[in-house]
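So the structure is just underneath, and the comments pick up after that.
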There are 2 protein chains.
Amino acid sequence: MLRTHTCGELRLSDVGKEVTLSGWLQKSRDIGTIGFIDLRDRYGITQLSFDEGRNKPVFDIARTLGREYVLTITGTVIERTAKNPKITTGDIEVQVSNIEILNESKTPPFTIEEETDGGDELRMKFRYLDLRREVVRKNLELRHKVSKYTRQYLDNQNFIEVETPVLIKSTPEGARDFIVPSRLNEGEWYALPQSPQTFKQLLMVSGFDRYYQIVKCFRDEDLRADRQPEFTQIDCEMSFVEQEDILNTFEGLIKYLFKEVKGLDIPNVPRMNYDDAMRLYGCDKPDIRFDMQFVYLDEVAKGKGFGIFDTAETIIAINAKGAANYTRKQLDELTEFVKRPQIGAKGLIYCRVGDDGSLKSSVDKFYDQEALQLWATACKADKNDLILVLSGDLNSTRKQMNELRLEVGKQLGLRQPDNYKALWVTDFPLLELDEESNRWHAMHHPFTSPKPEDIALMQTDPGKIRANAYDLVINGVEIGGGSIRIHNRDLQKQMFSLLGFTDEQAQAQFGFLMNAFEYGAPPHGGLAFGFDRLCSLFGGSETIRDFIAFPKNNMGRDVMIDAPSVISDEQKKELGVQS
Amino acid sequence: MLRTHTCGELRLSDVGKEVTLSGWLQKSRDIGTIGFIDLRDRYGITQLSFDEGRNKPVFDIARTLGREYVLTITGTVIERTAKNPKITTGDIEVQVSNIEILNESKTPPFTIEEETDGGDELRMKFRYLDLRREVVRKNLELRHKVSKYTRQYLDNQNFIEVETPVLIKSTPEGARDFIVPSRLNEGEWYALPQSPQTFKQLLMVSGFDRYYQIVKCFRDEDLRADRQPEFTQIDCEMSFVEQEDILNTFEGLIKYLFKEVKGLDIPNVPRMNYDDAMRLYGCDKPDIRFDMQFVYLDEVAKGKGFGIFDTAETIIAINAKGAANYTRKQLDELTEFVKRPQIGAKGLIYCRVGDDGSLKSSVDKFYDQEALQLWATACKADKNDLILVLSGDLNSTRKQMNELRLEVGKQLGLRQPDNYKALWVTDFPLLELDEESNRWHAMHHPFTSPKPEDIALMQTDPGKIRANAYDLVINGVEIGGGSIRIHNRDLQKQMFSLLGFTDEQAQAQFGFLMNAFEYGAPPHGGLAFGFDRLCSLFGGSETIRDFIAFPKNNMGRDVMIDAPSVISDEQKKELGVQS
């Protein structure tokens with residue numbers, strides 16, 4: 001018997017019991033003839049005491065033990081003289097009568113503490129030690145909780161979890177596939193799924209009605225910070241539904257998760273269409289924890305002789321409430337911020353509203369108090385507010401102002417990670433034009449249905465077609481999205497043709513799906529949430545890597561196991577491949 | 001609104017309600033001026049009625065519809081005159097006032113019925129239609145239930161589900177890996193995991209204490225019937241445990257699943273060590289739904305002048321209770337059965353016990369009544385029993401007799417799929433000798449710990465070492481197994497060396513694990529269950545393919561999507577591979 005209790009379990013009511021505990025030596029110290037060890041396991045920390053007078057052999061052993069040794073001890077639970085209210089076992093300690101060293105440990109390369117001295121690379125190489133840190137373990141415990149309650153909710157809603165295959169077929173659309181040579185079918189390759197999209201649609205054709213899966217997906221992309229080549233999705237699909245049914249079902253899921261995982265009641269999730277999101281926030285995933293919506297000053301700021309504004313396609317302002325006290329230096333820094341190449345603005349105009357309501361702008365030469373008052377009125381600016389203005393062509397200025405708004409929001413403390421604001425963004429365009437190739441691309445994916453009332457535009461003005469597509473955005477982060485799908489063979493063919501597929505290409509790649517549509521496909525739709533992202537959001541972190549047990553680095557490497565790696569020529573020969 | 005109710009929902013208490021239903025046309029028929037349609041969805045079937053006199057336009061539409069059309073109807077629930085007790089909605093029907101065709105359907109290539117006319121290949125090509133059959137859908141619903149209750153049990157036992165990576169490192173040990181070229185690390189390859197073995201052990205080193213995962217695994221093997229290149233495991237590991245803790249925990253899981261999924265209370269699972277299993281049943285996964293244990297006749301049957309027995313290493317009998325009425329033809333067939341090349345016996349000796357206790361054998365020339373009585377006594381044979389005897393070298397005879405026992409058990413109706421008998425087989429040998437290479441192989445895997453009392457044999461007699469390794473067997477099917485692992489670096493090194501690894505090879509392939517053992521690895525062990533197999537067992541089927549939504553055929557092909565497939569030269573070039 002290696003333990004009678006865990007290290008997080010003993011209380012005052014256990015005083016007097018003889019217990020056996022196992023765990024890791026977190027730290028040890030001596031006070032003269034009394035030694036102490038903090039013994040740690042997943043469940044907590046229990047203080048052990050060693051009394052030289054009472055049991056010298058055990059006391060002597062205890063003094064020799066290093067950090068992270070694995071021990072099994074037996075002893076008696078006693079009440080502590082100096083209680084520790086910070087830990088759940090802080091009322092007691094165990095007076096040790098017997099100790100066994102189960103395993104020794106070299107000194108770890110970094111400290112196993114909440115704040116460790118280990119750098120990122122070292123911690124990844126020794127990830128198994130990094131995972132011992134409570135803060136990292138808690139992240140994975142949170143992840144487990146999110147998946148558990150996700151399943152609980154969906155099970156209760158009659159969804160069935162169905163596993164779809166991992167070894168599938170490569171399709172050149174979308175991101176790059178990871179591929180796998182087939183030994184039994186030489187010269188042919190499997191691909192790993194970027195998502196189970198076509199399979200879940202086939203399950204709807206099969207009448208499964210409500211499907212979900214928490215599933216690994218794969219994308220061979222150039223890895224930016226916070227992208228992983230393998231990632232996890234909550235993948236869902238429903239039949240005989242309209243967009244509203246899907247939004248309501250998954251709004252329910254999100255509310256349930258906030259309640260069960262975070263103990264928070266969140267209100268109904270507001271909805272905003274894509275056009276409004278772009279107009280008011282300059283992006284399709286607005287952070288609505290704070291207002292600071294865009295105000296278009298074109299009507300009130302043009303024609304006053306300020307050439308930059310006069311020649312701009314648009315002039316956009318935001319009102320940073322109460323920020324009139326920004327110093328010249330802070331404003332210069334904001335100007336530098338928007339002028340960085342990643343953002344690309346030419347400059348930043350501001351106008352302060354003083355204590356007394358007077359207006360002071362960086363373009364006073366062109367705008368008198370009366371002219372500036374029109375800005376202030378448009379921006380609903382009060383005393384002590386700061387108006388920030390950018391101008392240029394519409395798309396760029398919106399993008400730039402979005403960045404500026406988020407930065408100012410952060411500076412003003414309006415983006416607290418524990419304040420959660422969810423939003424549905426709806427009515428996305430069906431297509432976007434790829435400027436380089438001058439070809440239409442599916443904004444969501446090629447299976448997304450145009451809104452029925454916009455189908456006629458497929459012939460005339462494809463860029464104007466709206467889709468029944470929607471994203472869930474929380475705190476400015478896109479958690480996931482989905483759409484109502486095409487369930488009609490002819491419409492699907494039209495869509496592929498619009499995307500530049502020949503009939504032969506469409507048939508070769510997606511023939512099985514289009515054929516399936518000929519045998520009574522029901523109306524259906526669904527969505528997918530990024531599970532890693534959702535967990536990091538619940539954990540109040542911006543880094544999904546912190547919520548993955550064994551993540552890969554930006555080169556797609558697992559530095560702990562050293563993968564990928566070179567394989568033997570024999571192995572390659574057997575597979576009929578070379579590299 | 002596409003439906004107010006599902007097709008499995010309406011009851012007598014709903015009579016009078018106006019409802020909207022959606023689903024597939026299962027079948028239709030006319031009786032003069034009344035038409036009937038059975039409308040099907042996942043939840044059931046509802047009868048629709050169309051009255052020509054009441055609503056001619058709708059009646060006329062209904063007559064034109066083919067099988068598998070997708071419909072939305074509105075109508076009034078009425079009580080049926082001729083009730084159908086076979087379906088849950090059999091008391092009512094819906095008198096249709098409005099009908100909408102959501103999608104048409106070509107005539108399916110096979111009937112969507114419990115007993116279909118579609119052959120295996122056709123059903124796989126149109127798997128999305130095959131999945132519409134209730135019997136197939138029920139299998140996947142069962143699978144969902146098994147995973148749900150597995151998670152429920154393990155969650156309640158404080159296990160944490162942790163996702164381990166899919167893109168890992170290739171190790172030449174064991175079965176063949178599927179491999180994936182890395183674009184970002186040209187010339188290097190990932191491998192898909194055959195199991196998360198090393199990762200779950202690292203999680204134990206990390207202090208996760210209790211881990212599980214329901215996880216896809218991959219093996220590039222030549223596919224026998226009922227093997228899949230990708231399959232699913234219930235994978236578990238525990239720290240600070242001994243074998244007994246693990247057996248008890250997972251016996252609990254199996255009992256819980258039988259209770260929740262099948263409504264069955266199964267008794268405590270008996271245990272049998274490997275040596276006994278081989279001795280009494282000639283295999284390490286005995287079907288203990290019936291006795292018919294091996295009886296060794298060496299002492300009583302040798303030395304009577306029957307050369308075949310006299311020169312045999314061993315003589316093994318089984319007693320087929322009540323089978324003395326086997327005809328000559330049946331016995332000849334059994335003889336042919338054991339002489340098939342896959343089994344390889346030279347012949348079969350039998351001895352019938354008559355109504356009157358008289359004994360009649362196929363070797364009466366050598367054995368008189370008295371001599372045969374010794375066989376009967378050894379076999380505890382009564383009136384009307386049939387003794388079957390094989391002889392030869394020990395290992396082959398055991399294997400042959402195992403096959404014969406199972407066949408006779410089947411013929412006698414002793415192997416009913418709904419009679420469940422579970423068994424732990426324990427104390428497996430650590431190693432087995434590969435005759436061809438004359439090298440030791442790990443019977444379980446190289447991380448399995450020898451029994452502490454047998455460690456000394458590593459130097460002297462490796463074949464004799466027993467491991468703390470165990471399999472769970474239900475009805476003669478190996479559901480899974482596991483072991484107590486090595487957690488000491490030196491012992492692990494010794495084990496690799498015994499398996500013929502050089503230190504360099506061991507370090508290159510498993511260095512991360514052996515290094516981890518230097519930082520305080522706890523004693524740990526675990527197991528894995530074959531999830532597909534477990535589901536098929538609960539479903540009373542021998543075919544795991546029936547419990548996989550989109551299975552592959554014996555060549556590893558998905559014939560529905562046509563994968564694997566040829567990929568473009570461009571794609572290969574980008575990955576730096578050729579095939």
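Going through the structure tokens in order, the chains are called A, B, and so on, while each chain numbers its residues from 1 and the ligands are numbered from 1 in the order shown.
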Compile the residues of chain B that lie within 6 Å of chain A, evaluated using only C-alpha atoms, and express the compilation as a PDB file with N, CA and C atoms, in the first residue's frame.
```pdb
ATOM      1  N   LEU B   2     -38.428  24.079 -38.916  1.00  0.00           N
ATOM      2  CA  LEU B   2     -38.475  22.867 -39.722  1.00  0.00           C
ATOM      3  C   LEU B   2     -39.130  21.704 -38.996  1.00  0.00           C
ATOM      4  N   ARG B  42     -33.851  10.149 -36.945  1.00  0.00           N
ATOM      5  CA  ARG B  42     -33.038   9.359 -36.012  1.00  0.00           C
ATOM      6  C   ARG B  42     -33.854   8.826 -34.845  1.00  0.00           C
ATOM      7  N   GLU B  68     -36.705   7.904 -49.612  1.00  0.00           N
ATOM      8  CA  GLU B  68     -35.584   8.737 -49.164  1.00  0.00           C
ATOM      9  C   GLU B  68     -35.714  10.215 -49.543  1.00  0.00           C
ATOM     10  N   TYR B  69     -36.868  10.619 -50.087  1.00  0.00           N
ATOM     11  CA  TYR B  69     -37.115  12.056 -50.230  1.00  0.00           C
ATOM     12  C   TYR B  69     -37.107  12.695 -48.834  1.00  0.00           C
ATOM     13  N   VAL B  70     -36.652  13.935 -48.770  1.00  0.00           N
ATOM     14  CA  VAL B  70     -36.626  14.649 -47.491  1.00  0.00           C
ATOM     15  C   VAL B  70     -37.813  15.607 -47.461  1.00  0.00           C
ATOM     16  N   ASN B 103     -35.751  18.001 -50.215  1.00  0.00           N
ATOM     17  CA  ASN B 103     -34.757  17.495 -51.153  1.00  0.00           C
ATOM     18  C   ASN B 103     -35.284  16.217 -51.773  1.00  0.00           C
ATOM     19  N   GLU B 104     -34.940  16.004 -53.024  1.00  0.00           N
ATOM     20  CA  GLU B 104     -35.327  14.769 -53.683  1.00  0.00           C
ATOM     21  C   GLU B 104     -34.253  13.719 -53.443  1.00  0.00           C
ATOM     22  N   SER B 105     -34.534  12.499 -53.863  1.00  0.00           N
ATOM     23  CA  SER B 105     -33.535  11.447 -53.749  1.00  0.00           C
ATOM     24  C   SER B 105     -33.629  10.520 -54.939  1.00  0.00           C
ATOM     25  N   LYS B 106     -32.467  10.184 -55.474  1.00  0.00           N
ATOM     26  CA  LYS B 106     -32.439   9.079 -56.416  1.00  0.00           C
ATOM     27  C   LYS B 106     -32.778   7.800 -55.646  1.00  0.00           C
ATOM     28  N   TYR B 128     -22.674   6.522 -46.312  1.00  0.00           N
ATOM     29  CA  TYR B 128     -23.619   7.509 -45.772  1.00  0.00           C
ATOM     30  C   TYR B 128     -25.056   7.015 -45.858  1.00  0.00           C
ATOM     31  N   LEU B 129     -25.337   6.097 -46.799  1.00  0.00           N
ATOM     32  CA  LEU B 129     -26.678   5.495 -46.857  1.00  0.00           C
ATOM     33  C   LEU B 129     -26.770   4.296 -45.920  1.00  0.00           C
ATOM     34  N   LEU B 131     -25.311   4.034 -43.164  1.00  0.00           N
ATOM     35  CA  LEU B 131     -25.456   4.587 -41.814  1.00  0.00           C
ATOM     36  C   LEU B 131     -26.900   5.004 -41.507  1.00  0.00           C
ATOM     37  N   ARG B 132     -27.737   5.110 -42.560  1.00  0.00           N
ATOM     38  CA  ARG B 132     -29.152   5.417 -42.310  1.00  0.00           C
ATOM     39  C   ARG B 132     -29.893   4.224 -41.734  1.00  0.00           C
ATOM     40  N   HIS B 144     -21.199   5.665 -28.603  1.00  0.00           N
ATOM     41  CA  HIS B 144     -21.262   6.940 -27.872  1.00  0.00           C
ATOM     42  C   HIS B 144     -21.534   6.688 -26.388  1.00  0.00           C
ATOM     43  N   GLU B 161      -8.462  13.587 -18.158  1.00  0.00           N
ATOM     44  CA  GLU B 161      -8.194  13.294 -19.568  1.00  0.00           C
ATOM     45  C   GLU B 161      -7.188  14.317 -20.085  1.00  0.00           C
ATOM     46  N   ILE B 168       4.346  12.557 -33.590  1.00  0.00           N
ATOM     47  CA  ILE B 168       5.423  12.250 -32.656  1.00  0.00           C
ATOM     48  C   ILE B 168       6.619  11.699 -33.411  1.00  0.00           C
ATOM     49  N   LYS B 169       7.377  10.851 -32.750  1.00  0.00           N
ATOM     50  CA  LYS B 169       8.647  10.405 -33.292  1.00  0.00           C
ATOM     51  C   LYS B 169       8.567   8.927 -33.645  1.00  0.00           C
ATOM     52  N   ILE B 179       4.126   7.364 -41.123  1.00  0.00           N
ATOM     53  CA  ILE B 179       4.998   8.519 -40.965  1.00  0.00           C
ATOM     54  C   ILE B 179       4.550   9.687 -41.842  1.00  0.00           C
ATOM     55  N   VAL B 180       4.984  10.879 -41.434  1.00  0.00           N
ATOM     56  CA  VAL B 180       4.499  12.137 -42.014  1.00  0.00           C
ATOM     57  C   VAL B 180       5.701  13.038 -42.268  1.00  0.00           C
ATOM     58  N   GLY B 187      13.547  16.587 -44.775  1.00  0.00           N
ATOM     59  CA  GLY B 187      14.290  15.353 -44.557  1.00  0.00           C
ATOM     60  C   GLY B 187      13.924  14.668 -43.257  1.00  0.00           C
ATOM     61  N   GLU B 188      13.112  15.310 -42.443  1.00  0.00           N
ATOM     62  CA  GLU B 188      12.707  14.703 -41.168  1.00  0.00           C
ATOM     63  C   GLU B 188      11.216  14.347 -41.221  1.00  0.00           C
ATOM     64  N   TRP B 189      10.860  13.393 -40.407  1.00  0.00           N
ATOM     65  CA  TRP B 189       9.506  12.839 -40.437  1.00  0.00           C
ATOM     66  C   TRP B 189       8.935  12.747 -39.024  1.00  0.00           C
ATOM     67  N   TYR B 190       7.635  12.971 -38.924  1.00  0.00           N
ATOM     68  CA  TYR B 190       6.898  12.608 -37.723  1.00  0.00           C
ATOM     69  C   TYR B 190       6.411  11.170 -37.886  1.00  0.00           C
ATOM     70  N   LEU B 202       5.306   9.803 -19.013  1.00  0.00           N
ATOM     71  CA  LEU B 202       5.842  11.124 -18.661  1.00  0.00           C
ATOM     72  C   LEU B 202       4.837  11.909 -17.813  1.00  0.00           C
ATOM     73  N   SER B 206       5.292  13.596 -14.246  1.00  0.00           N
ATOM     74  CA  SER B 206       4.860  14.962 -13.966  1.00  0.00           C
ATOM     75  C   SER B 206       3.924  15.062 -12.773  1.00  0.00           C
ATOM     76  N   GLY B 207       3.518  13.917 -12.221  1.00  0.00           N
ATOM     77  CA  GLY B 207       2.655  13.967 -11.042  1.00  0.00           C
ATOM     78  C   GLY B 207       1.174  14.051 -11.359  1.00  0.00           C
ATOM     79  N   PHE B 240       1.678   5.565  -7.914  1.00  0.00           N
ATOM     80  CA  PHE B 240       1.643   5.111  -6.529  1.00  0.00           C
ATOM     81  C   PHE B 240       0.666   3.952  -6.354  1.00  0.00           C
ATOM     82  N   PHE B 512      14.594  10.622 -23.778  1.00  0.00           N
ATOM     83  CA  PHE B 512      13.749  11.553 -23.013  1.00  0.00           C
ATOM     84  C   PHE B 512      13.062  10.852 -21.853  1.00  0.00           C
ATOM     85  N   GLU B 518      15.267  10.122 -14.138  1.00  0.00           N
ATOM     86  CA  GLU B 518      16.289  10.610 -13.201  1.00  0.00           C
ATOM     87  C   GLU B 518      15.792  11.733 -12.304  1.00  0.00           C
ATOM     88  N   TYR B 519      14.598  12.229 -12.602  1.00  0.00           N
ATOM     89  CA  TYR B 519      14.092  13.372 -11.838  1.00  0.00           C
ATOM     90  C   TYR B 519      12.898  12.994 -10.972  1.00  0.00           C
ATOM     91  N   GLY B 520      12.984  11.811 -10.349  1.00  0.00           N
ATOM     92  CA  GLY B 520      11.907  11.485  -9.410  1.00  0.00           C
ATOM     93  C   GLY B 520      10.683  10.914 -10.092  1.00  0.00           C
ATOM     94  N   ILE B 561     -14.548   7.784 -49.873  1.00  0.00           N
ATOM     95  CA  ILE B 561     -13.881   9.023 -50.296  1.00  0.00           C
ATOM     96  C   ILE B 561     -12.739   8.725 -51.259  1.00  0.00           C
ATOM     97  N   ALA B 563      -9.631   7.112 -50.622  1.00  0.00           N
ATOM     98  CA  ALA B 563      -8.333   7.445 -50.035  1.00  0.00           C
ATOM     99  C   ALA B 563      -7.656   6.139 -49.641  1.00  0.00           C
ATOM    100  N   PRO B 564      -6.331   6.066 -49.686  1.00  0.00           N
ATOM    101  CA  PRO B 564      -5.400   7.120 -50.096  1.00  0.00           C
ATOM    102  C   PRO B 564      -5.498   7.399 -51.596  1.00  0.00           C
ATOM    103  N   SER B 565      -4.853   8.467 -52.032  1.00  0.00           N
ATOM    104  CA  SER B 565      -4.921   8.817 -53.437  1.00  0.00           C
ATOM    105  C   SER B 565      -3.599   9.438 -53.869  1.00  0.00           C
ATOM    106  N   VAL B 566      -3.474   9.595 -55.170  1.00  0.00           N
ATOM    107  CA  VAL B 566      -2.267  10.210 -55.719  1.00  0.00           C
ATOM    108  C   VAL B 566      -2.284  11.699 -55.378  1.00  0.00           C
ATOM    109  N   GLY B 576       9.506  18.098 -50.163  1.00  0.00           N
ATOM    110  CA  GLY B 576      10.821  17.474 -50.352  1.00  0.00           C
ATOM    111  C   GLY B 576      10.774  15.962 -50.342  1.00  0.00           C
ATOM    112  N   VAL B 577       9.679  15.372 -50.842  1.00  0.00           N
ATOM    113  CA  VAL B 577       9.591  13.912 -50.882  1.00  0.00           C
ATOM    114  C   VAL B 577       9.293  13.443 -52.299  1.00  0.00           C
ATOM    115  N   GLN B 578       9.561  12.172 -52.515  1.00  0.00           N
ATOM    116  CA  GLN B 578       9.219  11.546 -53.785  1.00  0.00           C
ATOM    117  C   GLN B 578       8.524  10.227 -53.508  1.00  0.00           C
ATOM    118  N   SER B 579       7.699   9.798 -54.410  1.00  0.00           N
ATOM    119  CA  SER B 579       7.091   8.463 -54.252  1.00  0.00           C
ATOM    120  C   SER B 579       6.720   7.925 -55.620  1.00  0.00           C
TER     121      SER B 579
END
```
Skipping near chain neighbours, those fewer than 3 positions away, what residues fall within 8 Å of Ala345 (chain B) using only C-alpha atoms, listed as an MDAnalysis selection string? chainID B and resid 338:340 348 390 397 400
Any chance you could export the current selection's N, CA and C atoms as a PDB file, in the first residue's frame?
```
ATOM      1  N   VAL B 338      -9.520 -29.947 -37.304  1.00  0.00           N
ATOM      2  CA  VAL B 338      -8.204 -29.829 -36.645  1.00  0.00           C
ATOM      3  C   VAL B 338      -7.056 -30.104 -37.611  1.00  0.00           C
ATOM      4  N   LYS B 339      -7.362 -30.782 -38.742  1.00  0.00           N
ATOM      5  CA  LYS B 339      -6.290 -31.082 -39.700  1.00  0.00           C
ATOM      6  C   LYS B 339      -6.073 -29.956 -40.718  1.00  0.00           C
ATOM      7  N   ARG B 340      -6.952 -28.919 -40.658  1.00  0.00           N
ATOM      8  CA  ARG B 340      -6.746 -27.798 -41.592  1.00  0.00           C
ATOM      9  C   ARG B 340      -5.374 -27.191 -41.354  1.00  0.00           C
ATOM     10  N   LEU B 348      -7.462 -36.820 -34.851  1.00  0.00           N
ATOM     11  CA  LEU B 348      -8.252 -36.591 -33.641  1.00  0.00           C
ATOM     12  C   LEU B 348      -8.733 -37.947 -33.117  1.00  0.00           C
ATOM     13  N   LEU B 390      -6.065 -34.913 -28.423  1.00  0.00           N
ATOM     14  CA  LEU B 390      -5.014 -34.573 -29.382  1.00  0.00           C
ATOM     15  C   LEU B 390      -3.669 -34.850 -28.719  1.00  0.00           C
ATOM     16  N   THR B 397       0.133 -28.761 -29.521  1.00  0.00           N
ATOM     17  CA  THR B 397      -1.060 -29.486 -29.099  1.00  0.00           C
ATOM     18  C   THR B 397      -1.992 -28.576 -28.295  1.00  0.00           C
ATOM     19  N   GLN B 400      -3.704 -26.338 -30.808  1.00  0.00           N
ATOM     20  CA  GLN B 400      -4.710 -27.077 -31.569  1.00  0.00           C
ATOM     21  C   GLN B 400      -5.933 -27.366 -30.701  1.00  0.00           C
TER      22      GLN B 400
END
```
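Among the candidate residues A:Ile288, A:Leu297, A:Leu534, A:Ile214, the one lying nearest to Phe258 (chain A) is A:Leu534, with distances computed using only C-alpha atoms.
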Which residues are near region 330-332 of chain A? Cut-off 10 Å, only C-alpha atoms, ignore same chain within fewer than 2 positions. Put them as a PyMOL selection string. chain A and resi 325-328+334-337+347-350+388
Output file for the residues above (N, CA, C and O atoms, as a CSV table (one decimal), in the first residue's frame):
```csv
chain,number,residue,atom,x,y,z
A,325,ASN,N,-6.1,63.7,-20.2
A,325,ASN,CA,-4.8,63.9,-19.5
A,325,ASN,C,-3.6,63.1,-20.1
A,325,ASN,O,-2.6,63.1,-19.5
A,326,TYR,N,-3.8,62.5,-21.2
A,326,TYR,CA,-2.7,61.9,-21.9
A,326,TYR,C,-1.6,63.0,-22.2
A,326,TYR,O,-1.9,64.1,-22.7
A,327,THR,N,-0.4,62.6,-21.8
A,327,THR,CA,0.7,63.6,-22.0
A,327,THR,C,1.1,63.7,-23.5
A,327,THR,O,0.8,62.8,-24.3
A,328,ARG,N,1.8,64.7,-23.8
A,328,ARG,CA,2.4,64.8,-25.1
A,328,ARG,C,3.2,63.5,-25.5
A,328,ARG,O,3.1,63.0,-26.6
A,334,LEU,N,1.6,56.9,-29.0
A,334,LEU,CA,0.5,56.4,-29.8
A,334,LEU,C,0.7,56.6,-31.3
A,334,LEU,O,0.4,55.8,-32.1
A,335,THR,N,1.2,57.8,-31.6
A,335,THR,CA,1.5,58.1,-33.0
A,335,THR,C,2.5,57.1,-33.6
A,335,THR,O,2.3,56.6,-34.7
A,336,GLU,N,3.6,56.9,-32.8
A,336,GLU,CA,4.6,55.9,-33.3
A,336,GLU,C,3.9,54.5,-33.4
A,336,GLU,O,4.2,53.8,-34.4
A,337,PHE,N,3.0,54.2,-32.5
A,337,PHE,CA,2.3,52.9,-32.5
A,337,PHE,C,1.6,52.7,-33.9
A,337,PHE,O,1.7,51.7,-34.5
A,347,GLY,N,-0.1,59.1,-39.8
A,347,GLY,CA,0.0,59.9,-38.6
A,347,GLY,C,-1.3,59.8,-37.8
A,347,GLY,O,-2.2,59.1,-38.2
A,348,LEU,N,-1.3,60.6,-36.7
A,348,LEU,CA,-2.4,60.5,-35.8
A,348,LEU,C,-2.8,61.9,-35.4
A,348,LEU,O,-2.0,62.7,-35.0
A,349,ILE,N,-4.1,62.2,-35.5
A,349,ILE,CA,-4.6,63.6,-35.1
A,349,ILE,C,-5.4,63.4,-33.8
A,349,ILE,O,-6.1,62.4,-33.7
A,350,TYR,N,-5.2,64.3,-32.9
A,350,TYR,CA,-6.0,64.2,-31.7
A,350,TYR,C,-6.7,65.5,-31.4
A,350,TYR,O,-6.3,66.6,-31.9
A,388,LEU,N,-9.4,60.7,-31.0
A,388,LEU,CA,-8.2,60.3,-31.8
A,388,LEU,C,-8.8,60.0,-33.2
A,388,LEU,O,-9.8,59.4,-33.4
```
Secondary structure check, alpha helix (DSSP H) residues of region 383-556 of chain A, as a ChimeraX atom specification: /A:394-411,457-460,489-498,503-516,531-538
With only C-alpha atoms as the basis for distance, which of B:Thr46, B:Gln505, B:Thr150, B:Asn84 is at the shortest distance from Cys236 (chain B)?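 With only C-alpha atoms as the atom set, the closest residue is B:Thr150.
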Those in region 379-562 of chain A with strand (DSSP E) from DSSP, as a PyMOL selection string: chain A and resi 386-392+422-426+431-434+439-442+469-474+477-484+524-530
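Each of B:Pro85, B:Pro57, B:Pro450, B:Gly482 was checked against Met495 (chain B) using only C-alpha atoms; the smallest atom-to-atom distance is that of B:Pro450.
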